[in-house]
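Here is the structure we will look at, set down as structure tokens.
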Amino acid sequence: MTTYNGKCHCGQTAWAAELPENEHILCHCDTCKQLGGGAYSLNQIIPKKNLKITKGALKTYTYKGDSGKSVNCYYCPNCTTHAYHHQEAMGPDTIVIRTILLDGAKKWKAHAEIFGKDRMDWEKEVATTFEVMPPS
Ligand SMILES: [Zn+2]
Ligand SMILES: [Zn+2]
């Protein structure tokens, strides 16, 4: 386990996340496109206890996920950077952290891709791809 620091664009909020591997899972879903403004998002699923907010306070935006259960997104109230989200479908102790916001993450490898069904036509596959989610 290694602890990585992350911060939002404006610097009003910051956090530290403990991760087992320095790698990304690419999510191609349409919600990530809309919320992030990019072709995909870069994430990792970690235990909630591995994340500490070290500066400021994040706001919450809630929507209904495909499962019909709520998804809570935690973001900086000033610049709207999304730090992490929590899917009720995953249970109370698991969160999805935006790995690209952590220190050094530009050098990390792509470990897997999810929601491959929503991939942009011109995007090449860079890791093992799942049409939606990996089988659990
Ligand atoms: Zn901010
Ligand atoms: Zn997504």
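Going by the structure tokens order, chains are called A, B, ..., each with residues numbered from 1, while ligands are numbered from 1 in the order shown.
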
Give one line per residue of chain A that approaches ligand 2 to at most 7 Å, naming the two atoms of the closest pair and their distance in Å to one decimal, counting only C-alpha atoms and all ligand atoms; sort by chain then ascending residue number and deliver it as a Markdown table.
| residue | atom | partner | partner_atom_place_in_ligand_line | distance |
| --- | --- | --- | --- | --- |
| A:Cys27 | CA | ligand 2 | 1 (Zn) | 4.4 |
| A:His28 | CA | ligand 2 | 1 (Zn) | 5.5 |
| A:Cys29 | CA | ligand 2 | 1 (Zn) | 4.0 |
| A:Asp30 | CA | ligand 2 | 1 (Zn) | 6.5 |
| A:Thr31 | CA | ligand 2 | 1 (Zn) | 5.6 |
| A:Cys32 | CA | ligand 2 | 1 (Zn) | 4.2 |
| A:Tyr40 | CA | ligand 2 | 1 (Zn) | 6.9 |
| A:Ser41 | CA | ligand 2 | 1 (Zn) | 6.3 |

Check stretch 45-114 of chain A with DSSP on the backbone and list each residue it calls helix (DSSP H, G or I), as an MDAnalysis selection string. chainID A and resid 48:50 88:90 99:101 105:107

With only C-alpha atoms and all ligand atoms as the basis for distance, which of A:His82, A:Arg119, A:Lys69, A:Lys52 is at the shortest distance from ligand 1?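 Among the listed residues, A:His82 lies closest to ligand 1.
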
Go through the chains and note each residue within 10 Å of ligand 1, using only C-alpha atoms and all ligand atoms, then give the set as a list of chain:residue names. A:Lys7, A:Cys8, A:His9, A:Cys10, A:Gly11, A:Gln12, A:Thr13, A:Ala14, A:Gly56, A:Ala57, A:Leu58, A:Tyr75, A:Cys76, A:Pro77, A:Asn78, A:Cys79, A:Thr80, A:Thr81, A:His82, A:Ala83

For A:Val96, which residue out of A:Thr54, A:Asn72, A:Asn22, A:Ser67 is the nearest one, using only C-alpha atoms?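 Among the listed residues, A:Asn72 lies closest to A:Val96.
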